[in-house]
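Accompanying notes for the structure given below.
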Amino acid sequence: MTQTLKTKVLIIGAGTGGYVAGIRCGQLGLETVLVDASPGLGGTCLNVGCIPSKAIIHAAGKYETVAKAASDAGTLGITASTPAIDLSKTVEWKDGVVRKLNAGVAALLKKAKVKVIKGWAEFSDAKTCTVKTDDGDIRLAAEHVILATGSEPVELPFLPFGGDVISSTEALSLPEVPKKLVVVGGGYIGLELGIAFRKLGAEVAIVEMAERILPLYDKALTDPVAKWLEKHGVQLLLGARAGGFGDGRLNVTDKDGNPMQLEADKVLVTVGRRARTQGWGLENMGVAMNGPFVKIDERCATSMKNVWAIGDLTGEPMLAHKGSAQGEVVAEIIAGHDRVFDPTTIAAVCFTEPEIVSAGLGPDDVKGRDDVIQAVFPFAAIGRALAIEAGEDGGFVRVIASKTDHRLLGVQAVGQHVSELSNSFAQMLEMGAVLEDVAGTIHVHPTLGEAFHEASLRALGHAIHI
């Protein structure tokens, strides 16, 4: 006999949007049930995305450092024996990090008195679903439903996932470093993982349809990454199209239309992600769509009363921190608070080599406008950057501001470790800061953040260190 449960709030998906919504609902005293089918709580980001990829990237960086030390010249006066890597042990360490965070999310949900049900939900109408669990079916009815089903890798019809054709999920659990890796797609996921495997010793080729890598970012930001790829022997095929794969060879058509083949032990397909809209009864819920995404308003409300949607399901930018912020907003609205989701900016980071940060408007957004100020300050003129080998790769901080009132409109950076500056950039934009606010803040020396200070000073016409 099917068990029936009723609840105030039902959340589908325990990713960074869903579990944060659950915790906030619990804090606000709302009876909440969270349903998730994945093995570990935390969704894509925690299990097969943000966290594990950064762990592998970190390990790759350490390996590269030891490899430099083992070269004939050494590095910084440091020499070492020839390094070796057992990727299966690296993956084991990465999995340990993930398990620790899974347990942390579970503990936080328990503390918030959120009931977690492991299983696959399928909706029969907007407020009712059946969850298939190991112990049988459970029927759930709710006053409010929060959809947080996330996204999944896009599969190319001529390169279906399986065997040696892998997505980022499989790439993060390979038992050994492939000798030859071909990455199809030059976006941030492909470049992050392609660079990591190059550091680990793989021969890497990248096939990208666009005329340059990371096409969503302006060329000045991506040039330092392209130079790293060239310097480290990564084969970059731009304006090229991938074809079928067989017998260890990937068919490619180059930018001039010439056919060629690339040898590959693994083909990593990273051509984007799509909202997970299939298989859980979305079509039975009567919600309006915005193309491939669920349509929402500024409150994250769908067209169906008391049905809400957050995270990747609602469209770009597909970023974990966006979903978390939306989850908090929705929980507070359900609890009776007057909230909207209307951020000034959502900063984005590429964990490439070097890293890229972008918040607010970029130069392409203000092209042709004569009412803005732009200023760039290079890390080559920052003492901290030189002291940690982060000043010689063409990195910089750029500010864009209104010419009339000096209000910040956008901040970008490229360079080693600049991901740690992203929150400062976002905070200044969210608070409506002007150039004088940044210039008047005493920045700690020696830090990379001084480049933000100096870029703002330069926009005002009086940078100190250039």
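Following the order of the structure tokens, first chain is A, next is B, and so on, with residues numbered from 1 inside each chain and ligands from 1 in the order they appear.
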Applying 12 Å and only C-alpha atoms, which residues near stretch 69-82 of chain A remain after dropping the ones on its own chain fewer than 3 positions away? List them as a VMD selection string.
chain A and resid 62 to 66 85 387 to 389
Would you export the selected residues with C-alpha atoms as a JSON list (two decimals), in the first residue's frame, please?
```json
[["chain", "number", "residue", "atom", "x", "y", "z"],
["A", 62, "LYS", "CA", 50.60, 20.43, -6.89],
["A", 63, "TYR", "CA", 51.78, 17.81, -9.36],
["A", 64, "GLU", "CA", 52.86, 20.50, -11.80],
["A", 65, "THR", "CA", 54.85, 22.26, -9.07],
["A", 66, "VAL", "CA", 56.73, 19.06, -8.23],
["A", 85, "ILE", "CA", 50.84, 10.18, -9.84],
["A", 387, "ALA", "CA", 56.20, 37.15, -4.98],
["A", 388, "ILE", "CA", 53.89, 34.20, -5.74],
["A", 389, "GLU", "CA", 54.72, 33.89, -9.48]]
```
Selection: 10 Å around A:Trp280, only C-alpha atoms, excl. self and same-chain fewer than 3 positions, as a PDB file with all heavy atoms, in the first residue's frame:
```
ATOM      1  N   ILE A  12      12.082  19.462  -4.606  1.00  0.00           N
ATOM      2  CA  ILE A  12      12.582  18.391  -5.467  1.00  0.00           C
ATOM      3  C   ILE A  12      13.994  18.745  -5.902  1.00  0.00           C
ATOM      4  O   ILE A  12      14.211  19.685  -6.668  1.00  0.00           O
ATOM      5  CB  ILE A  12      11.684  18.189  -6.701  1.00  0.00           C
ATOM      6  CG1 ILE A  12      10.231  17.970  -6.275  1.00  0.00           C
ATOM      7  CG2 ILE A  12      12.191  17.024  -7.545  1.00  0.00           C
ATOM      8  CD1 ILE A  12      10.011  16.741  -5.418  1.00  0.00           C
ATOM      9  N   TRP A 120      13.137   8.811  -6.529  1.00  0.00           N
ATOM     10  CA  TRP A 120      12.820   9.563  -7.743  1.00  0.00           C
ATOM     11  C   TRP A 120      11.360   9.995  -7.703  1.00  0.00           C
ATOM     12  O   TRP A 120      10.462   9.167  -7.549  1.00  0.00           O
ATOM     13  CB  TRP A 120      13.069   8.704  -8.979  1.00  0.00           C
ATOM     14  CG  TRP A 120      12.944   9.490 -10.260  1.00  0.00           C
ATOM     15  CD1 TRP A 120      11.835   9.617 -11.036  1.00  0.00           C
ATOM     16  CD2 TRP A 120      13.962  10.283 -10.883  1.00  0.00           C
ATOM     17  NE1 TRP A 120      12.096  10.438 -12.116  1.00  0.00           N
ATOM     18  CE2 TRP A 120      13.393  10.862 -12.038  1.00  0.00           C
ATOM     19  CE3 TRP A 120      15.290  10.555 -10.572  1.00  0.00           C
ATOM     20  CZ2 TRP A 120      14.111  11.686 -12.892  1.00  0.00           C
ATOM     21  CZ3 TRP A 120      16.004  11.388 -11.421  1.00  0.00           C
ATOM     22  CH2 TRP A 120      15.418  11.934 -12.564  1.00  0.00           C
ATOM     23  N   ALA A 121      11.129  11.299  -7.826  1.00  0.00           N
ATOM     24  CA  ALA A 121       9.774  11.845  -7.775  1.00  0.00           C
ATOM     25  C   ALA A 121       9.189  11.982  -9.177  1.00  0.00           C
ATOM     26  O   ALA A 121       9.896  12.317 -10.129  1.00  0.00           O
ATOM     27  CB  ALA A 121       9.783  13.210  -7.095  1.00  0.00           C
ATOM     28  N   GLU A 122       7.887  11.725  -9.281  1.00  0.00           N
ATOM     29  CA  GLU A 122       7.178  11.961 -10.531  1.00  0.00           C
ATOM     30  C   GLU A 122       5.828  12.592 -10.207  1.00  0.00           C
ATOM     31  O   GLU A 122       5.035  12.031  -9.447  1.00  0.00           O
ATOM     32  CB  GLU A 122       6.986  10.673 -11.320  1.00  0.00           C
ATOM     33  CG  GLU A 122       6.388  10.923 -12.691  1.00  0.00           C
ATOM     34  CD  GLU A 122       6.531   9.741 -13.634  1.00  0.00           C
ATOM     35  OE1 GLU A 122       7.273   8.809 -13.313  1.00  0.00           O
ATOM     36  OE2 GLU A 122       5.881   9.776 -14.699  1.00  0.00           O
ATOM     37  N   PHE A 123       5.581  13.777 -10.785  1.00  0.00           N
ATOM     38  CA  PHE A 123       4.375  14.535 -10.480  1.00  0.00           C
ATOM     39  C   PHE A 123       3.204  14.080 -11.342  1.00  0.00           C
ATOM     40  O   PHE A 123       3.343  13.873 -12.543  1.00  0.00           O
ATOM     41  CB  PHE A 123       4.622  16.028 -10.683  1.00  0.00           C
ATOM     42  CG  PHE A 123       5.394  16.665  -9.563  1.00  0.00           C
ATOM     43  CD1 PHE A 123       6.778  16.607  -9.534  1.00  0.00           C
ATOM     44  CD2 PHE A 123       4.729  17.296  -8.525  1.00  0.00           C
ATOM     45  CE1 PHE A 123       7.486  17.177  -8.502  1.00  0.00           C
ATOM     46  CE2 PHE A 123       5.433  17.874  -7.485  1.00  0.00           C
ATOM     47  CZ  PHE A 123       6.824  17.816  -7.469  1.00  0.00           C
ATOM     48  N   SER A 124       2.039  13.971 -10.696  1.00  0.00           N
ATOM     49  CA  SER A 124       0.798  13.701 -11.418  1.00  0.00           C
ATOM     50  C   SER A 124       0.016  14.996 -11.641  1.00  0.00           C
ATOM     51  O   SER A 124      -0.792  15.099 -12.558  1.00  0.00           O
ATOM     52  CB  SER A 124      -0.067  12.702 -10.645  1.00  0.00           C
ATOM     53  OG  SER A 124      -0.279  13.147  -9.309  1.00  0.00           O
ATOM     54  N   CYS A 129       3.027  14.290  -6.036  1.00  0.00           N
ATOM     55  CA  CYS A 129       3.981  13.420  -6.725  1.00  0.00           C
ATOM     56  C   CYS A 129       4.075  12.084  -6.008  1.00  0.00           C
ATOM     57  O   CYS A 129       3.698  11.945  -4.837  1.00  0.00           O
ATOM     58  CB  CYS A 129       5.371  14.062  -6.812  1.00  0.00           C
ATOM     59  SG  CYS A 129       6.267  14.149  -5.252  1.00  0.00           S
ATOM     60  N   THR A 130       4.590  11.113  -6.728  1.00  0.00           N
ATOM     61  CA  THR A 130       4.877   9.802  -6.158  1.00  0.00           C
ATOM     62  C   THR A 130       6.384   9.590  -6.208  1.00  0.00           C
ATOM     63  O   THR A 130       7.007   9.796  -7.254  1.00  0.00           O
ATOM     64  CB  THR A 130       4.162   8.680  -6.933  1.00  0.00           C
ATOM     65  OG1 THR A 130       2.745   8.893  -6.866  1.00  0.00           O
ATOM     66  CG2 THR A 130       4.500   7.315  -6.346  1.00  0.00           C
ATOM     67  N   VAL A 131       6.947   9.197  -5.082  1.00  0.00           N
ATOM     68  CA  VAL A 131       8.389   8.988  -4.986  1.00  0.00           C
ATOM     69  C   VAL A 131       8.667   7.501  -4.890  1.00  0.00           C
ATOM     70  O   VAL A 131       8.156   6.818  -3.997  1.00  0.00           O
ATOM     71  CB  VAL A 131       8.983   9.708  -3.759  1.00  0.00           C
ATOM     72  CG1 VAL A 131      10.496   9.517  -3.727  1.00  0.00           C
ATOM     73  CG2 VAL A 131       8.631  11.177  -3.776  1.00  0.00           C
ATOM     74  N   THR A 149      15.591  20.906  -9.778  1.00  0.00           N
ATOM     75  CA  THR A 149      16.087  19.657 -10.370  1.00  0.00           C
ATOM     76  C   THR A 149      17.438  19.792 -11.059  1.00  0.00           C
ATOM     77  O   THR A 149      18.035  18.800 -11.469  1.00  0.00           O
ATOM     78  CB  THR A 149      15.061  19.112 -11.387  1.00  0.00           C
ATOM     79  OG1 THR A 149      14.803  20.122 -12.370  1.00  0.00           O
ATOM     80  CG2 THR A 149      13.767  18.748 -10.689  1.00  0.00           C
ATOM     81  N   ARG A 276      17.372  19.991 -16.331  1.00  0.00           N
ATOM     82  CA  ARG A 276      16.822  18.639 -16.184  1.00  0.00           C
ATOM     83  C   ARG A 276      15.292  18.752 -16.071  1.00  0.00           C
ATOM     84  O   ARG A 276      14.741  18.948 -14.991  1.00  0.00           O
ATOM     85  CB  ARG A 276      17.422  17.951 -14.954  1.00  0.00           C
ATOM     86  CG  ARG A 276      17.038  16.477 -14.834  1.00  0.00           C
ATOM     87  CD  ARG A 276      17.722  15.791 -13.670  1.00  0.00           C
ATOM     88  NE  ARG A 276      19.115  15.470 -13.987  1.00  0.00           N
ATOM     89  CZ  ARG A 276      20.162  15.999 -13.366  1.00  0.00           C
ATOM     90  NH1 ARG A 276      19.981  16.893 -12.426  1.00  0.00           N
ATOM     91  NH2 ARG A 276      21.389  15.645 -13.685  1.00  0.00           N
ATOM     92  N   THR A 277      14.643  18.629 -17.207  1.00  0.00           N
ATOM     93  CA  THR A 277      13.189  18.802 -17.271  1.00  0.00           C
ATOM     94  C   THR A 277      12.442  17.509 -17.587  1.00  0.00           C
ATOM     95  O   THR A 277      11.207  17.491 -17.561  1.00  0.00           O
ATOM     96  CB  THR A 277      12.820  19.838 -18.351  1.00  0.00           C
ATOM     97  OG1 THR A 277      13.348  19.394 -19.616  1.00  0.00           O
ATOM     98  CG2 THR A 277      13.390  21.207 -18.013  1.00  0.00           C
ATOM     99  N   GLU A 283       5.630  17.969 -17.279  1.00  0.00           N
ATOM    100  CA  GLU A 283       4.559  18.215 -18.245  1.00  0.00           C
ATOM    101  C   GLU A 283       3.167  18.121 -17.606  1.00  0.00           C
ATOM    102  O   GLU A 283       2.177  18.597 -18.171  1.00  0.00           O
ATOM    103  CB  GLU A 283       4.661  17.224 -19.410  1.00  0.00           C
ATOM    104  CG  GLU A 283       4.486  15.767 -19.030  1.00  0.00           C
ATOM    105  CD  GLU A 283       5.745  15.092 -18.492  1.00  0.00           C
ATOM    106  OE1 GLU A 283       6.760  15.795 -18.284  1.00  0.00           O
ATOM    107  OE2 GLU A 283       5.701  13.868 -18.268  1.00  0.00           O
ATOM    108  N   ASN A 284       3.077  17.521 -16.421  1.00  0.00           N
ATOM    109  CA  ASN A 284       1.787  17.379 -15.740  1.00  0.00           C
ATOM    110  C   ASN A 284       1.504  18.512 -14.752  1.00  0.00           C
ATOM    111  O   ASN A 284       0.462  18.522 -14.102  1.00  0.00           O
ATOM    112  CB  ASN A 284       1.735  16.048 -14.985  1.00  0.00           C
ATOM    113  CG  ASN A 284       1.882  14.855 -15.903  1.00  0.00           C
ATOM    114  OD1 ASN A 284       1.376  14.863 -17.022  1.00  0.00           O
ATOM    115  ND2 ASN A 284       2.575  13.820 -15.438  1.00  0.00           N
TER     116      ASN A 284
END
```
At most 12 Å is the cut-off: for each residue in stretch 162-197 of chain A with any atom that close to an atom of stretch 40-56 of chain A, write down the nearest atom pair and the distance in Å rounded to one decimal, counting only C-alpha atoms, chain first then increasing number, as a Markdown table.
```
| residue | atom | partner | partner_atom | distance |
| --- | --- | --- | --- | --- |
| A:Ser167 | CA | A:Val48 | CA | 10.2 |
| A:Ser168 | CA | A:Val48 | CA | 7.6 |
| A:Thr169 | CA | A:Val48 | CA | 5.4 |
| A:Glu170 | CA | A:Val48 | CA | 8.5 |
| A:Ala171 | CA | A:Ser53 | CA | 9.1 |
| A:Leu172 | CA | A:Ser53 | CA | 6.5 |
| A:Ser173 | CA | A:Val48 | CA | 9.1 |
| A:Leu174 | CA | A:Ile56 | CA | 10.8 |
| A:Val177 | CA | A:Ile56 | CA | 11.6 |
| A:Tyr188 | CA | A:Cys50 | CA | 11.5 |
| A:Ile189 | CA | A:Ser53 | CA | 9.0 |
| A:Gly190 | CA | A:Ser53 | CA | 11.0 |
| A:Leu191 | CA | A:Ser53 | CA | 11.5 |
| A:Glu192 | CA | A:Ser53 | CA | 8.1 |
| A:Leu193 | CA | A:Ser53 | CA | 7.4 |
| A:Gly194 | CA | A:Ser53 | CA | 11.2 |
| A:Ile195 | CA | A:Ile56 | CA | 10.7 |
| A:Ala196 | CA | A:Ile56 | CA | 7.2 |
| A:Phe197 | CA | A:Ile56 | CA | 8.9 |
```
Check the DSSP output for the backbone and give back, as a PyMOL selection string, the residues of stretch 168-403 of chain A in alpha helix (DSSP H).
chain A and resi 168-171+188-199+219-231+320-334+383-387
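For the pair atom CA of A:Ser358 and atom CA of A:Val414, the separation is 8.8 Å.
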Top pick for closest residue to A:Arg274, considering A:Asp312, A:Asp297, A:Glu430, A:Glu450 and counting only C-alpha atoms:
A:Asp312
Got a sec: who's within 10 Å of A:Lys127, counting only C-alpha atoms, leaving out chain neighbours fewer than 3 positions off, as a list in words?
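Within the cut-off, the hits are Val9, Leu10, Phe123, Ser124, Leu140, Ala141, Ala142, Glu143, His144, Val145, Ile146, Met285, Met304, Lys305, Asn306 and Val307 of chain A.
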Name the closest residue to A:Val154 among the candidates A:Lys111, A:Gly185, A:Gly243, A:Gln235; distances are taken between atoms, counting only C-alpha atoms.
A:Gly185
